[in-house]
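Raw contents of target-v9.txt, compact mmCIF, C-alpha atoms:
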```
# COMPACT_ATOMS: atom_id res chain seq x y z
CA MET A 1 7.83 12.93 -29.84
CA GLN A 2 5.80 11.37 -27.04
CA SER A 3 7.53 11.15 -23.66
CA ILE A 4 8.13 7.67 -22.28
CA GLY A 5 6.20 8.77 -19.17
CA ARG A 6 7.71 8.11 -15.74
CA VAL A 7 5.19 6.94 -13.13
CA LEU A 8 6.09 6.60 -9.45
CA ILE A 9 3.62 4.12 -7.95
CA ILE A 10 3.08 4.23 -4.19
CA ALA A 11 0.98 1.19 -3.31
CA GLY A 12 0.89 -2.31 -1.83
CA SER A 13 2.21 -5.54 -3.30
CA ASP A 14 -0.14 -8.36 -4.40
CA SER A 15 1.54 -11.77 -4.21
CA GLY A 16 -1.06 -13.11 -6.67
CA GLY A 17 0.06 -10.58 -9.26
CA GLY A 18 -3.41 -9.44 -10.30
CA ALA A 19 -3.65 -6.13 -8.46
CA GLY A 20 -1.47 -3.69 -6.54
CA ILE A 21 2.10 -2.92 -7.53
CA GLN A 22 2.27 -5.93 -9.83
CA ALA A 23 -0.74 -4.86 -11.88
CA ASP A 24 0.52 -1.28 -11.87
CA ILE A 25 3.94 -2.19 -13.27
CA LYS A 26 2.44 -4.44 -15.94
CA THR A 27 0.00 -1.73 -17.02
CA VAL A 28 2.50 1.12 -17.17
CA THR A 29 4.95 -1.06 -19.10
CA MET A 30 2.37 -2.34 -21.59
CA LEU A 31 1.34 1.25 -22.38
CA GLY A 32 4.93 2.27 -23.04
CA GLY A 33 5.69 4.04 -19.78
CA TYR A 34 8.36 3.60 -17.13
CA ALA A 35 7.22 2.32 -13.72
CA ALA A 36 9.07 2.93 -10.44
CA THR A 37 7.68 2.00 -7.04
CA ALA A 38 7.49 2.71 -3.33
CA ILE A 39 5.86 -0.32 -1.69
CA THR A 40 3.61 0.47 1.27
CA ALA A 41 2.74 -3.09 2.30
CA LEU A 42 3.25 -6.74 1.48
CA THR A 43 -0.04 -8.58 1.18
CA ILE A 44 -0.48 -12.35 1.27
CA GLN A 45 -3.20 -12.94 -1.28
CA ASN A 46 -4.42 -14.88 -4.27
CA THR A 47 -7.66 -14.93 -6.23
CA LEU A 48 -9.52 -16.21 -3.16
CA GLY A 49 -8.69 -13.22 -0.98
CA VAL A 50 -6.21 -11.52 1.35
CA SER A 51 -4.94 -13.64 4.25
CA GLY A 52 -2.31 -11.26 5.60
CA VAL A 53 -0.91 -7.74 5.39
CA HIS A 54 2.57 -6.63 6.50
CA ALA A 55 2.90 -2.84 6.41
CA ALA A 56 6.22 -1.28 5.47
CA PRO A 57 7.68 1.15 8.03
CA LEU A 58 6.95 4.78 7.18
CA GLU A 59 10.61 5.64 6.87
CA VAL A 60 11.07 2.83 4.34
CA VAL A 61 8.13 4.02 2.25
CA GLU A 62 9.51 7.55 2.28
CA ALA A 63 13.06 6.41 1.49
CA GLN A 64 11.87 4.42 -1.52
CA ALA A 65 9.94 7.38 -2.92
CA ARG A 66 12.74 9.88 -2.36
CA ALA A 67 15.32 7.54 -3.89
CA VAL A 68 13.27 7.46 -7.08
CA LEU A 69 12.42 11.16 -7.16
CA ASP A 70 16.00 12.25 -6.42
CA ASP A 71 17.48 10.21 -9.26
CA ILE A 72 15.10 8.91 -11.94
CA GLY A 73 12.37 11.47 -11.30
CA ALA A 74 8.70 11.12 -12.18
CA ASP A 75 6.10 12.81 -14.34
CA VAL A 76 3.11 11.52 -12.36
CA ILE A 77 2.65 9.90 -8.95
CA LYS A 78 0.03 7.15 -8.74
CA THR A 79 -1.25 5.99 -5.35
CA GLY A 80 -2.98 2.75 -4.45
CA MET A 81 -3.19 0.88 -1.15
CA LEU A 82 -1.88 3.15 1.62
CA GLY A 83 -3.26 1.31 4.63
CA ASP A 84 -3.32 3.85 7.45
CA ALA A 85 -3.54 7.56 8.23
CA PRO A 86 0.21 8.15 8.80
CA THR A 87 0.98 6.67 5.38
CA VAL A 88 -1.70 8.82 3.76
CA GLU A 89 -0.21 11.88 5.47
CA LEU A 90 3.27 10.95 4.25
CA VAL A 91 2.15 10.44 0.66
CA ALA A 92 0.22 13.71 0.63
CA ARG A 93 3.37 15.49 1.79
CA LEU A 94 5.51 13.77 -0.85
CA ILE A 95 3.08 14.78 -3.61
CA GLU A 96 3.03 18.36 -2.35
CA GLU A 97 6.82 18.59 -2.14
CA ALA A 98 7.36 16.99 -5.55
CA ALA A 99 4.79 19.35 -7.13
CA LEU A 100 3.69 16.55 -9.48
CA PRO A 101 0.22 15.59 -10.70
CA ALA A 102 -1.18 12.65 -8.76
CA VAL A 103 -3.63 9.95 -9.82
CA VAL A 104 -5.25 8.80 -6.58
CA ASP A 105 -6.98 5.43 -6.45
CA PRO A 106 -8.56 5.51 -2.97
CA VAL A 107 -8.18 1.77 -2.34
CA MET A 108 -10.30 0.75 0.64
CA VAL A 109 -11.45 -2.86 0.20
CA ALA A 110 -9.96 -5.80 -1.72
CA LYS A 111 -12.07 -7.65 -4.30
CA GLY A 112 -12.54 -10.49 -1.81
CA GLY A 113 -13.83 -8.11 0.88
CA ALA A 114 -10.74 -7.55 3.06
CA ALA A 115 -10.34 -4.00 4.40
CA LEU A 116 -7.23 -2.33 2.98
CA LEU A 117 -7.65 1.11 4.56
CA ALA A 118 -8.12 1.78 8.26
CA GLU A 119 -11.19 3.83 9.21
CA ASP A 120 -9.19 6.80 10.48
CA ALA A 121 -7.32 6.85 7.17
CA VAL A 122 -10.52 7.60 5.22
CA ARG A 123 -10.62 11.05 6.83
CA ALA A 124 -6.95 11.56 5.98
CA VAL A 125 -7.64 10.66 2.35
CA ARG A 126 -10.54 13.12 2.29
CA GLU A 127 -8.68 15.97 3.94
CA ARG A 128 -5.07 15.52 2.82
CA LEU A 129 -4.88 13.41 -0.34
CA LEU A 130 -8.07 14.28 -2.21
CA PRO A 131 -7.18 18.00 -2.58
CA ARG A 132 -3.88 16.97 -4.20
CA ALA A 133 -5.45 14.66 -6.79
CA ALA A 134 -5.16 15.62 -10.43
CA LEU A 135 -7.44 12.62 -10.96
CA LEU A 136 -9.38 10.66 -8.32
CA THR A 137 -10.71 7.22 -9.37
CA PRO A 138 -13.25 5.99 -6.79
CA ASN A 139 -15.68 3.13 -7.25
CA ALA A 140 -19.17 3.46 -5.80
CA PRO A 141 -18.40 2.22 -2.24
CA GLU A 142 -15.28 4.41 -2.07
CA ALA A 143 -17.20 7.46 -3.27
CA GLU A 144 -19.85 6.78 -0.62
CA ALA A 145 -17.20 6.53 2.12
CA LEU A 146 -15.56 9.79 1.01
CA THR A 147 -18.76 11.81 0.55
CA GLY A 148 -21.51 10.20 2.61
CA ILE A 149 -23.67 10.14 -0.53
CA ALA A 150 -25.31 6.82 -1.44
CA VAL A 151 -24.23 5.83 -4.97
CA ALA A 152 -26.70 3.51 -6.73
CA SER A 153 -27.21 5.15 -10.14
CA PRO A 154 -25.45 7.39 -12.68
CA ASP A 155 -27.22 10.40 -11.16
CA ASP A 156 -25.79 9.42 -7.77
CA GLN A 157 -22.37 9.09 -9.40
CA ARG A 158 -22.68 12.67 -10.61
CA ARG A 159 -23.78 13.96 -7.19
CA ALA A 160 -20.87 12.24 -5.46
CA GLY A 161 -18.48 13.36 -8.18
CA GLU A 162 -19.55 16.99 -7.74
CA ALA A 163 -18.97 16.69 -3.99
CA LEU A 164 -15.47 15.31 -4.60
CA LEU A 165 -14.67 18.14 -7.01
CA GLN A 166 -15.86 20.64 -4.43
CA ALA A 167 -13.63 18.92 -1.88
CA GLY A 168 -10.61 19.75 -4.02
CA ALA A 169 -10.01 17.01 -6.59
CA GLN A 170 -9.18 18.49 -10.00
CA ALA A 171 -10.94 15.64 -11.82
CA VAL A 172 -12.90 12.57 -10.77
CA LEU A 173 -13.46 9.34 -12.67
CA MET A 174 -16.59 7.91 -11.07
CA LYS A 175 -16.50 4.18 -11.74
CA GLY A 176 -19.79 2.34 -12.09
CA GLY A 177 -18.73 -1.30 -12.09
CA HIS A 178 -20.30 -1.94 -8.67
CA LEU A 179 -23.72 -0.67 -9.78
CA PRO A 180 -26.37 -3.05 -11.13
CA GLY A 181 -27.33 -3.21 -14.78
CA GLU A 182 -26.32 -4.73 -18.09
CA ARG A 183 -24.16 -1.73 -18.97
CA VAL A 184 -21.26 -0.21 -17.06
CA VAL A 185 -21.11 3.58 -16.93
CA ASP A 186 -18.00 5.47 -15.83
CA ILE A 187 -18.13 9.27 -15.72
CA LEU A 188 -15.10 11.53 -15.98
CA MET A 189 -15.97 14.80 -14.26
CA THR A 190 -14.11 18.11 -14.16
CA ALA A 191 -15.09 21.69 -13.38
CA SER A 192 -15.65 22.25 -17.12
CA GLY A 193 -17.90 19.25 -17.82
CA GLU A 194 -18.08 15.49 -18.10
CA THR A 195 -17.25 12.62 -20.45
CA VAL A 196 -19.18 9.35 -20.23
CA PHE A 197 -17.57 5.97 -20.92
CA GLU A 198 -20.16 3.23 -21.35
CA ALA A 199 -20.13 -0.38 -22.52
CA GLU A 200 -22.03 -3.63 -22.12
CA ARG A 201 -21.03 -5.37 -18.90
CA ILE A 202 -18.54 -8.19 -19.42
CA GLN A 203 -19.90 -11.15 -17.48
CA THR A 204 -16.88 -12.56 -15.69
CA ARG A 205 -15.64 -13.24 -12.16
CA HIS A 206 -12.11 -12.39 -13.29
CA THR A 207 -12.09 -8.73 -12.32
CA HIS A 208 -9.27 -8.64 -9.75
CA GLY A 209 -7.16 -5.51 -10.14
CA THR A 210 -9.43 -3.54 -12.47
CA GLY A 211 -9.19 -0.41 -10.30
CA CYS A 212 -5.40 -0.54 -9.98
CA THR A 213 -5.06 -1.19 -13.69
CA LEU A 214 -7.36 1.63 -14.75
CA ALA A 215 -5.71 4.20 -12.47
CA SER A 216 -2.21 3.21 -13.58
CA ALA A 217 -3.24 3.34 -17.23
CA CYS A 218 -4.61 6.86 -16.69
CA ALA A 219 -1.39 7.87 -14.91
CA THR A 220 0.70 6.57 -17.80
CA GLY A 221 -1.23 8.60 -20.35
CA LEU A 222 -0.89 11.77 -18.29
CA ALA A 223 2.83 11.11 -17.79
CA GLN A 224 3.21 10.77 -21.56
CA GLY A 225 1.60 14.14 -22.16
CA LEU A 226 -1.88 13.04 -23.23
CA SER A 227 -4.82 15.24 -22.34
CA LEU A 228 -6.90 14.05 -19.39
CA THR A 229 -9.75 12.89 -21.62
CA ASP A 230 -7.44 11.09 -24.03
CA ALA A 231 -5.52 9.45 -21.19
CA VAL A 232 -8.72 8.15 -19.60
CA ALA A 233 -10.16 7.02 -22.95
CA ARG A 234 -7.04 4.99 -23.77
CA ALA A 235 -6.94 3.57 -20.25
CA TRP A 236 -10.60 2.62 -20.38
CA ALA A 237 -10.20 0.81 -23.71
CA TYR A 238 -7.12 -1.03 -22.42
CA VAL A 239 -8.98 -2.28 -19.33
CA GLN A 240 -12.05 -3.32 -21.33
CA GLU A 241 -9.91 -5.52 -23.55
CA ALA A 242 -7.92 -6.88 -20.59
CA LEU A 243 -11.21 -7.85 -18.93
CA ALA A 244 -12.58 -9.48 -22.07
CA ARG A 245 -9.39 -11.53 -22.43
CA ALA A 246 -8.97 -12.51 -18.77
CA PRO A 247 -7.06 -15.82 -18.75
CA GLY A 248 -9.27 -17.51 -16.17
CA LEU A 249 -6.56 -18.11 -13.57
CA GLY A 250 -7.37 -19.10 -10.00
CA LYS A 251 -10.45 -20.33 -8.18
CA GLY A 252 -11.79 -16.89 -7.20
CA HIS A 253 -11.59 -13.37 -8.60
CA GLY A 254 -8.93 -13.93 -11.24
CA PRO A 255 -6.61 -11.40 -12.88
CA LEU A 256 -7.00 -9.52 -16.14
CA ASP A 257 -4.88 -10.11 -19.24
CA HIS A 258 -2.51 -7.18 -18.86
CA GLY A 259 -0.31 -8.43 -21.68
CA TRP A 260 -2.92 -8.58 -24.44
CA PRO A 261 -1.19 -5.93 -26.63
CA LEU A 262 1.86 -8.21 -26.84
CA ARG A 263 -0.22 -11.01 -28.29
CA ASP A 264 -1.88 -8.64 -30.77
CA ALA A 265 1.55 -7.49 -31.95
CA ARG A 266 2.71 -10.99 -32.89
```
Write the structure described by the file as C-alpha cells, please.
Amino acid sequence: MQSIGRVLIIAGSDSGGGAGIQADIKTVTMLGGYAATAITALTIQNTLGVSGVHAAPLEVVEAQARAVLDDIGADVIKTGMLGDAPTVELVARLIEEAALPAVVDPVMVAKGGAALLAEDAVRAVRERLLPRAALLTPNAPEAEALTGIAVASPDDQRRAGEALLQAGAQAVLMKGGHLPGERVVDILMTASGETVFEAERIQTRHTHGTGCTLASACATGLAQGLSLTDAVARAWAYVQEALARAPGLGKGHGPLDHGWPLRDAR
C-alpha cells in the first residue's frame, strides 16, 4: 500500500496563492500527500509582482519545523524561498538533524523579477544546502548563479548539472523553461545517468509558481515511496497539465490550475 507521504515545506507565503506555500500545499494535497509547513516569510504579491516581504524570525521558523517533526513527522523536507543566509544555515541544520531526504528548490527571483534570496545567501545555498539535497531543482538563472556556468542550451544544462552533482547534490533536475525554443527540455541528472523530459512549449503568460509546484510534486512522490524517476515523471506530467489548464486569473503572470485532477474526477 502506498504511503500517504508527509512533506514538510519550508518556504515563503504567496498572498496571491499561485506560488510559495500556497502552491506547495495545493500540489501535495492534489497528489494525495500530506502537507505541513514552516513559513519563512510573508510576501505581499499578486500576479503583477512582489511589493513587500516580511521575514519570519529565525526562532519562529525553527519552532514551526520542530513542532511538525516532533509530532506529525515527515518523509521528505521540501525547501522554497529562504531569503537570507541565516535561514539557509538553519534549514540545512534541520535537514541534517532530521536525516530526511530534501527536495531543494533554490528560489532566487520571483516571476515578476523581485529578488527573493540575498546575495550572501547564494553562497550558503551552494555550501550548506546543496550537499544535503536528494533532489535540486534549479532553473537556468539559478543554475548559473550556483555554478558560474552560462546556461543557454541543453548542453549547458548538462554541464551545470554535472557541476552541481560534483558539488554534492544527489540528483539535479535542470529545468529548461527559461531557455529559448519551441520545446521545453528538462533533464534529470544523477551519478548513474540522465532522463530527459521534453514537450512543446505551452504559450501562456500564466506560469506563476511552476517551480514551486514541480518541486513539491517531486517531493510528494518521493515521500510516497516512488522511485526518483517515477516521482519526477509524475510531477512533470502534473505541471504540464496544470499549465495547459491555467485559469487565466490576474493581469500579470497568473497561477496554474492546481486542482485539475478534481475536475477530471467528476
Checklist line | Nearby residues (only C-alpha atoms) at most 7 Å from stretch 255-258 of chain A, same-chain spacing under 6 positions excluded, as a ChimeraX atom specification | finding: /A:18,26-27,206-209,242-243,245-247,249
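One distance worth recording is that between atom CA of A:Leu130 and atom CA of A:Ala171, which is 10.1 Å.
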Item checked: Interatomic distance (Å, one decimal) between atom CA of A:Thr204 and atom CA of A:Gly176 ->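 Calculated distance between atom CA of A:Thr204 and atom CA of A:Gly176 is 15.6 Å.
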Return as lines of an AutoDock Vina configuration file the centre and edge lengths, in Å with one decimal, of the box along x, y and z that encloses every atom of stretch 225-235 of chain A in the file, padded by 5 Å per side.
```
center_x = -4.3
center_y = 9.4
center_z = -21.7
size_x = 21.8
size_y = 21.7
size_z = 14.6
```
Margin query: Let me make sure I understand: among A:Thr190, A:Thr213, A:Thr47, A:Gln203, which one has the smallest atom-to-atom distance to A:Gln22 if we use all atoms listed in the file?
Written below: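 Ranked by minimum distance to A:Gln22, first place goes to A:Thr213.
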Checklist line | For A:Asp186, the nearest of the candidates A:Arg93, A:Arg205, A:Arg158, A:Arg132, counting only C-alpha atoms | finding: A:Arg158
Next item on the list: Tell me which protein, DNA and RNA residues are within 12 Å of A:Val7, counting only C-alpha atoms, leaving out same-chain ones fewer than 5 positions away, and put them as a PyMOL selection string.
Entry: chain A and resi 21+24-25+27-29+31-38+65+68-69+72-79+100-103+215-224
Check: Using all atoms listed in the file, which of the listed residues (A:Ala163, A:Ile39, A:Val151, A:Ala98) sits closest to A:Met81?
Finding: A:Ile39
Next item on the list: Tell me, as a list in words, which residues lie within 12 Å of A:Glu127, counting all atoms listed in the file; anything in the same chain fewer than 2 positions away does not count.
Entry: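 Using all atoms listed in the file, the neighbours found are Ala85, Val88, Glu89, Ala92, Asp120, Ala121, Val122, Arg123, Ala124, Val125, Leu129, Leu130, Pro131, Arg132, Ala133, Leu146, Thr147, Leu164, Gln166, Ala167, Gly168 and Ala169 of chain A.
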